[in-house]
Each structure stands twice: as structure tokens, then as C-alpha cells.
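*Asks:* Mind looking over this structure? Questions follow.
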Amino acid sequence: MNSEKYDVLVVGAGAAGLAAGRRLAVEGKRVAMVEARDRIGGRIFTSPQTLRLGAVPSPIELGAEFVHGLPRSTWDLIREARLATFELDGAQWCFDEGLHPCGEEHRGAFKVLAQMPQWLAAQPKDSDASFAEYLARAGIEKSLADRAAAYVEGFNAADRNIIGVAALVRQQSAEDEIQATRIFRIRAGYTALPGFLADQFRQAGGTINFGTPVRTIRWNRGEVRVSGVDAGNRAFELHGSQALITLPLGVLQAGAVRFDPEPGDIGHHAARMAMGPVVRQTLLFERPFWEDAGGAADLSFLFAGREKLPTWWTIHPDTTPMITAWAAGPKAIALSPKAALPAGPLALRDEALNALARMFGFSGVAVTKMLVGWHFHDWQSDEFSRGAYSYAPAGALDASLKMTQPVQRTLYFAGEHTDIDGHWGTVHAAFNSGLRAADQILNDAGIFRLHASQASDL
């Protein structure tokens, strides 16, 4: 690795790093990106294996899967990259005593969430509470409260006793603005999006160094050195005038990368946030046997709150016989020790197969015989992620904003955990944070201001 000094070093080739890197390189900055993994994308991870249905490949997502709603940053990229998408549809089913279409008892959970803004507005100014505290103080009936809490924990990968109502209210407003109830999938696989950005970044003169996990970031105003030991057990060090840090929140919290000196209060505010755990696995079958259950031919989502894996989905209307099992928050924590055992992943697979057999009225043997593929990635044990995605605990609504503040015009931070609009945990939050950080760097260099003034004169 050469000793050239770059204008900007970008730590991490995930969505945030790539979005920022491309913008900086296009603006003429000399940019080097250092990525611990041997691939781009970070927590966007499309399996290299696909199930082919005729001539059409069906990508298997091990990390981020859906484009939630119509966020401009993501859709601008999708259109620019000319990527085909499709919108998921179909029916929602529930399983408790038996399998049935979800009814009012399921939709009631969303009414509990819809009441939060009014409840929060009636509290003392700038106050906050955990979601569990809100349920108790608002007098929500227990069965309805449990359903609402299960939804919040599953969607946000959060603990009901920790996640803040103020953050949920902001998230709710942000989702409404982008029609987040609409869900899309990229036909070529989500990795095609960071792949496009990486190609654009390289074409603009940027460099990506793979297998280079950063262990130390030494800096003074206007000077940064990042160092570590690469995949070939060789020490490396890169030099730059500025650095953009896009490490996941879990990695920041673990102190896996040492800063010398500490970057102001960034570590303090990172510690105020929470990293949510997720256990997800995707199963491929000879045929979509769930269609044999009465009326479930158009199955989209299945909610089974009493199961260890409480949320399931297909990719309807795509006909690929594929179904994903999901547990998040406390339910993921309960499953994580099983995943960590030598035979743990297989135990998780068997848990999913037995649950499918129970829910759809098949024998475990019959479901197992139909299985043709199984895919799993343990994000909690992955040293370069240490969790799935972030959320804001009660009282920490301002923590993300604090992490967006540049440190002596030398260190900048991005990633979905630095989102300030209520989109924590999403790919579009990561993209937006990268663009925001790139603009901060360019603005501090006087480039962005010049660019903006030129544009206003056209």
C-alpha cells in the first residue's frame, strides 16, 4: 500500500462511505477508501448464490433487503443505475391458535402507535419515555400493548424498555413522508446499488483497499493517519488531510478502533445510542408449499408472536419459493446463544423448519424434504458490524445530531446511526448521511459553496 497522502480517507465501503466517496471524488478530491471486508456494501450483503427459476435469478439477501417507501436519495440512485425493481404485495396472515388472515386485533397495534404523537405533545416540553413506559402511562390494555410492543421490537430491533417514544414519533413522521408502508426489492439484488456507486467512485479516481481493517486512527487538525494489519498480516498506514468514519455503531461502541486523541464527545454520544440485534434466515424450497394452506396463495407477511421466530415474509408477487424468518430485539437476543454454538446455525434452521411445519400443518419431515437451500449470516458475531442497526433510546434523540458535528474540520462521521430525520436503521439513512458528510467536507474546503453559487447563476 503506497504512502501517498490523500485529501480524504473514508473508513468503510458501506452505503454511507460509497455515497460520500463518489461525491468527493467527482468534486476532484483524492480519496482512498479502506474496507475491512473483502467486499463492498457493509450490511448490504447479497449472497453470491441465487436460486434460478427458469432464466430469472432470484437474489438472496443476507442483510438489508427492502427499499422502504420512496426515499429520494435511494430512488435517484436506482434510476441512475437503471436497476429494475418490483413492489411487494399480497396478504398478511397471523398465527396464534391457528393460521388466519390478520384482523382488527393485529391492526390495533398500529392504532397504539398512532396515538403516540398526541400523548407526547401533552407531556412536559422536551420530555421522553421508553415505549414500555408510554404503554403503561397511557393505560393501553395489556394484550393490545403486548402486540404493539412486539411490533416495535420486531421492526426496530429494539427493546421496548429502552427505545424512546420521541424517536418513534419522529420515525413515524419520517415514514409517512416517504410512504414507507410501500416495500420494494431490487431484482438484481441490493448489492447492485453499492456496486454502482463503487464503479462510479473508481471512475472518478477513487481507490478502494479491501481486507484492511483499521485499528488505530491518529489525528491532528488537518492530518489523519489510519493504520492496522491487512488480510495478509501486513501492517498498513494511510495518510490524509481529513477522514470520514462510517464504522457501524456497534463497532464504535466496542472500541474496536482506537482514536488518538479521542474525537471530542463523539464516543459519548455513540454510547447513548443502542445497536439492535437481528436473527434472520432465508429458506428456499422445491415449491411454495404454504400456498396449500387455505387462502394463503398470496402470502406476503406472516406474524406469529408466540414463536421464537415471530415474523416471516415471502417476496410475493415474485413466485420464487423462498421465505424469510426474522427475530429482532429481545427475541433475537434469546436466539443468539444458539447461533453462537458450533452447530448453532443448523439449530436455527431446524427451529425455522419446525415452525413452518406447525404453522402450515405439515410434518417436520415433509417440510425438511422440500428444503433445497438455506442462508444465514450472524450480524451480532460479525466483528465488522456487531449488530444489525441502531435505534435511539429514551432521552437520546439528540445523540445522532451530536455525532454529525465535524471534529476540528478533520474528522467527520456518517452511517445510519447519524441520521437526524427519523430514518435510523435504513439504507436511505446511510446514503443520506454519507452525502451530508461529503457536503460538510466540501463546504469546509470551500468547494461546495463555490459549486452552489455557480449553480445558482445558471
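Identifiers for the C-alpha cells are assigned positionally: chains receive A, B, ... in sequence, residues are indexed from 1 per chain, and ligands are indexed from 1 in the order shown.
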Can you build me a table of segment 178-284 of chain A residues sitting at most 6 Å from segment 81-96 of chain A, with the closest atom pair per residue and its distance in Å to one decimal, using only C-alpha atoms, sorted by chain and residue number, as a Markdown table?

*Replies:*
| residue | atom | partner | partner_atom | distance |
| --- | --- | --- | --- | --- |
| A:Ile183 | CA | A:Leu88 | CA | 5.7 |
| A:Phe184 | CA | A:Glu87 | CA | 4.3 |
| A:Arg185 | CA | A:Thr85 | CA | 5.5 |
| A:Ile186 | CA | A:Thr85 | CA | 4.4 |
| A:Arg187 | CA | A:Thr85 | CA | 5.3 |

*Asks:* Write out as a VMD selection string the residues lying within 8 Å of segment 231-245 of chain A, counting only C-alpha atoms and excluding same-chain residues fewer than 3 positions away.

*Replies:* chain A and resid 1 to 12 17 211 to 212 222 to 228 409 to 414 437

*Asks:* Only C-alpha atoms, please: the residues just picked out, written as a PDB file, in the first residue's frame.

*Replies:*
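Written output follows (selection_9.pdb):
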ATOM      1  CA  MET A   1       0.000   0.000   0.000  1.00  0.00           C
ATOM      2  CA  ASN A   2       1.578   3.291  -1.078  1.00  0.00           C
ATOM      3  CA  SER A   3       2.421   6.173   1.248  1.00  0.00           C
ATOM      4  CA  GLU A   4       0.710   8.865  -0.849  1.00  0.00           C
ATOM      5  CA  LYS A   5      -1.197  11.435   1.150  1.00  0.00           C
ATOM      6  CA  TYR A   6      -4.861  11.699   0.197  1.00  0.00           C
ATOM      7  CA  ASP A   7      -7.264  14.564   0.621  1.00  0.00           C
ATOM      8  CA  VAL A   8      -9.817  12.326   2.350  1.00  0.00           C
ATOM      9  CA  LEU A   9      -9.656   8.843   3.830  1.00  0.00           C
ATOM     10  CA  VAL A  10     -13.020   7.068   4.023  1.00  0.00           C
ATOM     11  CA  VAL A  11     -13.195   4.292   6.610  1.00  0.00           C
ATOM     12  CA  GLY A  12     -15.781   1.777   5.420  1.00  0.00           C
ATOM     13  CA  GLY A  17     -18.898   5.528   2.656  1.00  0.00           C
ATOM     14  CA  GLY A 211      -9.133  -6.534   3.649  1.00  0.00           C
ATOM     15  CA  THR A 212      -7.745  -3.566   5.574  1.00  0.00           C
ATOM     16  CA  GLY A 222      -5.575  18.799   9.111  1.00  0.00           C
ATOM     17  CA  GLU A 223      -3.767  15.465   9.349  1.00  0.00           C
ATOM     18  CA  VAL A 224      -5.010  11.867   9.759  1.00  0.00           C
ATOM     19  CA  ARG A 225      -3.222   8.508   9.786  1.00  0.00           C
ATOM     20  CA  VAL A 226      -5.214   5.268   9.733  1.00  0.00           C
ATOM     21  CA  SER A 227      -3.406   2.010  10.385  1.00  0.00           C
ATOM     22  CA  GLY A 228      -3.901  -1.671  11.039  1.00  0.00           C
ATOM     23  CA  ARG A 409     -12.613  20.143  10.312  1.00  0.00           C
ATOM     24  CA  THR A 410     -10.612  16.921  10.259  1.00  0.00           C
ATOM     25  CA  LEU A 411     -12.806  14.022  11.377  1.00  0.00           C
ATOM     26  CA  TYR A 412     -16.352  13.505  10.087  1.00  0.00           C
ATOM     27  CA  PHE A 413     -18.824  10.765  10.951  1.00  0.00           C
ATOM     28  CA  ALA A 414     -21.560   9.106   8.913  1.00  0.00           C
ATOM     29  CA  ALA A 437     -20.802  14.322   5.441  1.00  0.00           C
TER      30      ALA A 437
END

*Asks:* Nearest to Arg218 of chain A: which of A:Trp312, A:Phe259, A:Trp326, A:Phe196 is it, counting only C-alpha atoms?

*Replies:*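 Going through A:Trp312, A:Phe259, A:Trp326, A:Phe196 one by one, the smallest distance to Arg218 of chain A is for A:Phe259.
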
*Asks:* Pick out the residues sitting within 9 Å of segment 148-163 of chain A, and hand them over as an NGL selection string; count only C-alpha atoms, and ignore anything fewer than 6 positions along from it in its own chain.

*Replies:* :A and (106 or 108-113 or 129-133 or 135 or 274-278 or 305 or 310-311 or 326-332 or 388-394 or 424-425)

*Asks:* Skipping near chain neighbours, those fewer than 3 positions away, what residues fall within 7 Å of Phe201 of chain A using only C-alpha atoms, listed as a CSV table (one decimal) with C-alpha atoms, in the first residue's frame?

*Replies:*
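around-v1.csv written:
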chain,number,residue,atom,x,y,z
A,21,GLY,CA,-16.7,8.8,-1.6
A,22,ARG,CA,-18.3,9.2,-5.0
A,25,ALA,CA,-14.1,12.1,-5.9
A,197,LEU,CA,-21.5,3.6,-6.5
A,198,ALA,CA,-18.2,1.8,-6.3
A,204,ALA,CA,-13.8,9.4,-10.7
A,205,GLY,CA,-10.3,8.4,-9.5
A,206,GLY,CA,-11.1,6.9,-6.1

*Asks:* If you run DSSP on this backbone, which residues of segment 164-196 of chain A come out as alpha helix (DSSP H), and could you give them as a list in words?

*Replies:* Val165, Ala166, Ala167, Leu168, Val169, Arg170, Gln171, Gln172, Ser173, Ala174, Glu175, Asp176, Glu177, Ala192, Leu193, Pro194, Gly195 and Phe196 of chain A

*Asks:* Please extract the residues of segment 210-448 of chain A with a backbone DSSP assignment of strand (DSSP E) and present them as a PyMOL selection string.

*Replies:* chain A and resi 214-220+223-229+235-245+258-260+274-276+278-285+299-303+311-313+322-328+371-376+389-391+411-413

*Asks:* For segment 349-353 of chain A, work out the shell of residues within 9 Å, counting only C-alpha atoms and skipping chain neighbours fewer than 2 positions away, then give it as an mmCIF file with N, CA and C atoms, in the first residue's frame.

*Replies:*
data_model
loop_
_atom_site.group_PDB
_atom_site.id
_atom_site.type_symbol
_atom_site.label_atom_id
_atom_site.label_comp_id
_atom_site.auth_asym_id
_atom_site.auth_seq_id
_atom_site.Cartn_x
_atom_site.Cartn_y
_atom_site.Cartn_z
ATOM 1 N N GLN A 281 -33.012 -15.591 8.635
ATOM 2 C CA GLN A 281 -32.576 -16.683 7.781
ATOM 3 C C GLN A 281 -33.563 -16.841 6.640
ATOM 4 N N LEU A 283 -35.006 -19.382 3.616
ATOM 5 C CA LEU A 283 -35.127 -20.788 3.241
ATOM 6 C C LEU A 283 -35.725 -20.894 1.843
ATOM 7 N N LYS A 308 -40.610 -18.395 18.417
ATOM 8 C CA LYS A 308 -39.293 -17.808 18.639
ATOM 9 C C LYS A 308 -38.868 -16.964 17.450
ATOM 10 N N LEU A 309 -39.335 -17.354 16.263
ATOM 11 C CA LEU A 309 -39.132 -16.558 15.051
ATOM 12 C C LEU A 309 -40.494 -15.971 14.692
ATOM 13 N N ALA A 325 -37.342 -15.929 7.686
ATOM 14 C CA ALA A 325 -37.728 -15.909 9.101
ATOM 15 C C ALA A 325 -36.927 -14.821 9.807
ATOM 16 N N GLY A 344 -24.818 -24.187 15.978
ATOM 17 C CA GLY A 344 -25.906 -23.245 16.178
ATOM 18 C C GLY A 344 -26.704 -22.898 14.949
ATOM 19 N N PRO A 345 -26.047 -22.536 13.839
ATOM 20 C CA PRO A 345 -26.821 -22.197 12.647
ATOM 21 C C PRO A 345 -27.771 -23.310 12.197
ATOM 22 N N LEU A 346 -27.336 -24.545 12.302
ATOM 23 C CA LEU A 346 -28.214 -25.658 11.925
ATOM 24 C C LEU A 346 -29.384 -25.785 12.897
ATOM 25 N N ALA A 347 -29.141 -25.481 14.168
ATOM 26 C CA ALA A 347 -30.233 -25.496 15.141
ATOM 27 C C ALA A 347 -31.251 -24.409 14.809
ATOM 28 N N ALA A 355 -41.116 -24.600 12.880
ATOM 29 C CA ALA A 355 -42.146 -23.565 12.971
ATOM 30 C C ALA A 355 -43.014 -23.559 11.719
ATOM 31 N N LEU A 356 -42.409 -23.675 10.551
ATOM 32 C CA LEU A 356 -43.177 -23.728 9.305
ATOM 33 C C LEU A 356 -44.115 -24.929 9.293
ATOM 34 N N ALA A 357 -43.629 -26.056 9.783
ATOM 35 C CA ALA A 357 -44.467 -27.260 9.835
ATOM 36 C C ALA A 357 -45.672 -27.031 10.740
ATOM 37 N N ARG A 358 -45.451 -26.440 11.913
ATOM 38 C CA ARG A 358 -46.554 -26.185 12.838
ATOM 39 C C ARG A 358 -47.576 -25.224 12.222
ATOM 40 N N GLY A 364 -42.736 -32.156 10.148
ATOM 41 C CA GLY A 364 -41.393 -31.613 10.048
ATOM 42 C C GLY A 364 -40.572 -32.314 8.981
ATOM 43 N N VAL A 367 -41.558 -30.967 5.448
ATOM 44 C CA VAL A 367 -41.008 -29.636 5.161
ATOM 45 C C VAL A 367 -39.506 -29.727 4.906
ATOM 46 N N THR A 368 -38.814 -30.529 5.706
ATOM 47 C CA THR A 368 -37.367 -30.680 5.545
ATOM 48 C C THR A 368 -37.019 -31.276 4.192
ATOM 49 N N LEU A 371 -36.869 -28.713 1.426
ATOM 50 C CA LEU A 371 -35.849 -27.663 1.517
ATOM 51 C C LEU A 371 -34.735 -27.912 0.510
ATOM 52 N N TRP A 374 -30.561 -22.920 2.230
ATOM 53 C CA TRP A 374 -30.747 -22.195 3.491
ATOM 54 C C TRP A 374 -29.598 -21.218 3.657
ATOM 55 N N HIS A 375 -29.914 -19.983 4.035
ATOM 56 C CA HIS A 375 -28.908 -18.926 4.084
ATOM 57 C C HIS A 375 -29.049 -18.132 5.377
ATOM 58 N N PHE A 376 -27.888 -17.834 5.986
ATOM 59 C CA PHE A 376 -27.877 -17.191 7.302
ATOM 60 C C PHE A 376 -26.574 -16.424 7.466
#

*Asks:* For atom CA of Phe384 of chain A and atom CA of Val165 of chain A, quote the distance in Å rounded to one decimal.

*Replies:*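 These atoms are spaced 29.3 Å apart.
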
*Asks:* May I ask which of the residues A:Phe289, A:Phe210, A:Tyr134, A:Phe45 is the closest one to Gly195 of chain A, counting only C-alpha atoms?

*Replies:* A:Phe45

*Asks:* By how many Å are atom CA of His68 of chain A and atom CA of Glu175 of chain A apart?

*Replies:* 8.5 Å

*Asks:* Could you tell me which of A:Met370, A:Ala254, A:Val365, A:Ala145 comes closest to Arg287 of chain A if we count only C-alpha atoms?

*Replies:* A:Met370

*Asks:* Nearest residue to Glu61 of chain A out of A:Ala399, A:Ile441, A:Ile323, A:Leu144, using only C-alpha atoms?

*Replies:*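 Of A:Ala399, A:Ile441, A:Ile323, A:Leu144, the one nearest Glu61 of chain A is A:Ile323, counting only C-alpha atoms.
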
*Asks:* What lies within 7 Å of Ser47 of chain A using only C-alpha atoms, ignoring chain neighbours under 3 positions off, as a PyMOL selection string?

*Replies:* chain A and resi 59-62

*Asks:* Could you work out how far atom CA of Leu401 of chain A lies from atom CA of Pro124 of chain A, giving the answer in Å with one decimal?

*Replies:* 21.9 Å
